[in-house]
Amino acid sequence: MQTSTVNFYELSYKKAQTYAFAALFVAGNILLPQLCHLAPQGGLTWLPIYFFTLIGAYKYGWKVGLLVALASPLANSALFGMPAAAALPAIVLKSVLLAVAAGYAAQKFQKVSLLLLLGVVLFYQGVGTLGEWALKGDFYLAVQDFRIGIPGMLVQVIGGWLVIKFLMRK
């Protein structure tokens with residue numbers, strides 16, 4: 001399994017840089033879902049709202065990730081009605097789990113690998129699915145990401161690894 005060392009940062013809420021990076025990743029999490037929603041069930045299949053949360057939290061720490069995790073679904077819902085308000089609690093839960101897991105993995109291991117990113121994605125999806133089941137009371141709906149969103153999870157792992165490894169070496 002290929003591993004790469006990349007510069008990681010743990011930004012503070014006291015730095016303007018934290019909010020600038022968060023805004024950049026939120027913008028990505030607004031644009032990418034709009035592109036994916038051009039295809040039928042594009043959001044459900046590609047899970048685009050999580051992509052830049054993963055990258056932001058892994059590269060710049062859980063604080064940036066948490067800002068992106070909270071702002072992205074709320075902004076998308078307010079601007080475009082997607083995700084629907086009823087879906088927001090589960091999506092925010094998964095986004096927050098993703099931000100914390102990605103920030104933790106980057107800080108603990110100080111490297112990026114496909115295996116680490118796979119672990120982060122499986123963690124947030126697994127725990128998030130249990131949370132979604134508790135929120136909605138419907139197991140079939142809760143496992144939707146595992147029924148439909150496997151391509152999106154693979155894009156998060158492979159695409160996230162490529163972006164972090166190749167484009168974010170500074």
# chains A, B, ... in the order shown; residues from 1 in each chain; ligands from 1
$ select_by_dssp --residues "segment 53-137 of chain A" --states "alpha helix (DSSP H)" --output "PyMOL selection string"
chain A and resi 53-60+62-80+88-109+114-136
$ residues_around --residues "Tyr19 of chain A" --least-positions-apart "4" --cutoff "9 Å" --atoms "only C-alpha atoms" --output "VMD selection string"
chain A and resid 13 15 23 to 24 64 67
$ write_last_selection --atoms "N, CA and C atoms" --output "CSV table (one decimal), in the first residue's frame"
chain,number,residue,atom,x,y,z
A,13,TYR,N,-8.8,28.3,15.7
A,13,TYR,CA,-10.0,29.1,15.4
A,13,TYR,C,-9.6,30.6,15.6
A,15,LYS,N,-7.1,32.0,14.1
A,15,LYS,CA,-6.4,32.4,12.8
A,15,LYS,C,-7.4,32.7,11.7
A,23,ALA,N,-13.7,28.3,4.1
A,23,ALA,CA,-14.5,28.9,3.1
A,23,ALA,C,-14.2,28.3,1.7
A,24,LEU,N,-13.0,28.1,1.4
A,24,LEU,CA,-12.6,27.5,0.2
A,24,LEU,C,-13.1,26.1,0.0
A,64,VAL,N,-10.7,23.1,10.9
A,64,VAL,CA,-11.1,23.5,9.6
A,64,VAL,C,-12.2,22.5,9.1
A,67,LEU,N,-15.7,23.2,10.6
A,67,LEU,CA,-16.3,24.3,10.0
A,67,LEU,C,-16.9,23.9,8.7
$ closest_atom_pairs --of "segment 16-131 of chain A" --to "segment 150-159 of chain A" --cutoff "9 Å" --atoms "only C-alpha atoms" --output "tab-separated table"
residue	atom	partner	partner_atom	distance
A:Gly43	CA	A:Gly152	CA	8.7
A:Leu44	CA	A:Gly152	CA	8.2
A:Thr45	CA	A:Gly152	CA	5.8
A:Trp46	CA	A:Gly152	CA	3.6
A:Leu47	CA	A:Gly152	CA	5.0
A:Pro48	CA	A:Gly152	CA	7.0
A:Tyr50	CA	A:Gln156	CA	7.7
A:Phe51	CA	A:Gln156	CA	5.7
A:Phe52	CA	A:Gln156	CA	8.9
A:Leu54	CA	A:Gln156	CA	7.6
A:Ile55	CA	A:Gln156	CA	8.9
A:Ser113	CA	A:Val157	CA	9.0
A:Leu114	CA	A:Val157	CA	6.3
A:Leu115	CA	A:Val157	CA	8.4
A:Leu116	CA	A:Val157	CA	8.7
A:Leu117	CA	A:Val157	CA	5.3
A:Leu118	CA	A:Val157	CA	5.6
A:Val120	CA	A:Val157	CA	8.6
A:Val121	CA	A:Met153	CA	6.8
A:Leu122	CA	A:Met153	CA	8.5
A:Gln125	CA	A:Met153	CA	8.9
$ write_last_selection --atoms "C-alpha atoms" --output "mmCIF file, in the first residue's frame"
data_model
loop_
_atom_site.group_PDB
_atom_site.id
_atom_site.type_symbol
_atom_site.label_atom_id
_atom_site.label_comp_id
_atom_site.auth_asym_id
_atom_site.auth_seq_id
_atom_site.Cartn_x
_atom_site.Cartn_y
_atom_site.Cartn_z
ATOM 1 C CA GLY A 43 -25.853 12.964 -4.882
ATOM 2 C CA LEU A 44 -26.838 9.571 -3.521
ATOM 3 C CA THR A 45 -24.280 7.746 -5.663
ATOM 4 C CA TRP A 46 -21.280 10.064 -5.470
ATOM 5 C CA LEU A 47 -21.750 11.518 -1.943
ATOM 6 C CA PRO A 48 -20.091 14.773 -3.055
ATOM 7 C CA TYR A 50 -18.237 14.939 2.005
ATOM 8 C CA PHE A 51 -15.306 15.206 -0.420
ATOM 9 C CA PHE A 52 -13.842 18.565 0.549
ATOM 10 C CA LEU A 54 -12.301 15.001 4.067
ATOM 11 C CA ILE A 55 -9.543 16.944 2.335
ATOM 12 C CA SER A 113 -2.338 6.441 2.462
ATOM 13 C CA LEU A 114 -5.219 4.717 0.756
ATOM 14 C CA LEU A 115 -5.586 2.440 3.768
ATOM 15 C CA LEU A 116 -5.798 5.362 6.221
ATOM 16 C CA LEU A 117 -8.380 7.147 4.084
ATOM 17 C CA LEU A 118 -10.342 3.912 3.703
ATOM 18 C CA VAL A 120 -11.578 7.199 7.880
ATOM 19 C CA VAL A 121 -14.373 6.707 5.324
ATOM 20 C CA LEU A 122 -15.481 3.375 6.794
ATOM 21 C CA GLN A 125 -19.973 5.851 7.322
#
$ closest_residue --among "A:Lys111, A:Lys136, A:Lys94, A:Arg147" --to "Tyr124 of chain A" --atoms "only C-alpha atoms"
A:Lys94
$ residues_around --residues "Ala90 of chain A" --least-positions-apart "5" --cutoff "9 Å" --atoms "only C-alpha atoms" --output "PyMOL selection string"
chain A and resi 95+128-129+131-133+135-136+142
$ write_last_selection --atoms "N, CA and C atoms" --output "PDB file, in the first residue's frame"
ATOM      1  N   SER A  95     -20.908  14.254   8.459  1.00  0.00           N
ATOM      2  CA  SER A  95     -19.889  15.245   8.130  1.00  0.00           C
ATOM      3  C   SER A  95     -18.991  15.529   9.330  1.00  0.00           C
ATOM      4  N   GLY A 128     -21.812   6.720  11.386  1.00  0.00           N
ATOM      5  CA  GLY A 128     -22.871   7.595  10.883  1.00  0.00           C
ATOM      6  C   GLY A 128     -24.128   6.834  10.509  1.00  0.00           C
ATOM      7  N   THR A 129     -23.970   5.639   9.968  1.00  0.00           N
ATOM      8  CA  THR A 129     -25.119   4.806   9.628  1.00  0.00           C
ATOM      9  C   THR A 129     -25.879   4.403  10.883  1.00  0.00           C
ATOM     10  N   GLY A 131     -25.929   6.120  13.660  1.00  0.00           N
ATOM     11  CA  GLY A 131     -26.587   7.352  14.100  1.00  0.00           C
ATOM     12  C   GLY A 131     -27.812   7.675  13.260  1.00  0.00           C
ATOM     13  N   GLU A 132     -27.686   7.488  11.955  1.00  0.00           N
ATOM     14  CA  GLU A 132     -28.819   7.747  11.065  1.00  0.00           C
ATOM     15  C   GLU A 132     -29.966   6.790  11.360  1.00  0.00           C
ATOM     16  N   TRP A 133     -29.648   5.550  11.643  1.00  0.00           N
ATOM     17  CA  TRP A 133     -30.665   4.559  12.001  1.00  0.00           C
ATOM     18  C   TRP A 133     -31.393   4.997  13.275  1.00  0.00           C
ATOM     19  N   LEU A 135     -31.624   8.073  14.380  1.00  0.00           N
ATOM     20  CA  LEU A 135     -32.389   9.288  14.079  1.00  0.00           C
ATOM     21  C   LEU A 135     -33.677   8.995  13.317  1.00  0.00           C
ATOM     22  N   LYS A 136     -33.580   8.127  12.311  1.00  0.00           N
ATOM     23  CA  LYS A 136     -34.720   7.892  11.420  1.00  0.00           C
ATOM     24  C   LYS A 136     -35.556   6.673  11.793  1.00  0.00           C
ATOM     25  N   ALA A 142     -31.048   3.997   6.522  1.00  0.00           N
ATOM     26  CA  ALA A 142     -29.760   4.286   7.145  1.00  0.00           C
ATOM     27  C   ALA A 142     -28.591   3.685   6.360  1.00  0.00           C
TER      28      ALA A 142
END
$ closest_residue --among "A:Ala101, A:Met82, A:Phe21, A:Ala106" --to "Gly42 of chain A" --atoms "only C-alpha atoms"
A:Met82
$ atom_distance --atom1 "atom CA of Ala84 of chain A" --atom2 "atom CA of Val163 of chain A"
28.7 Å
$ select_by_dssp --residues "chain A" --states "strand (DSSP E)" --output "JSON, numbers by chain"
{"A": [3, 4, 112, 113]}
$ residues_around --residues "Gly56 of chain A" --least-positions-apart "6" --cutoff "10 Å" --atoms "only C-alpha atoms" --output "list in words"
Phe21, Ala22, Leu24, Phe25, Val26, Trp62, Lys63, Val64, Gly65, Leu66, Leu67, Val68, Ala69, Ala99, Ala102, Gly103, Gly160 and Ile164 of chain A
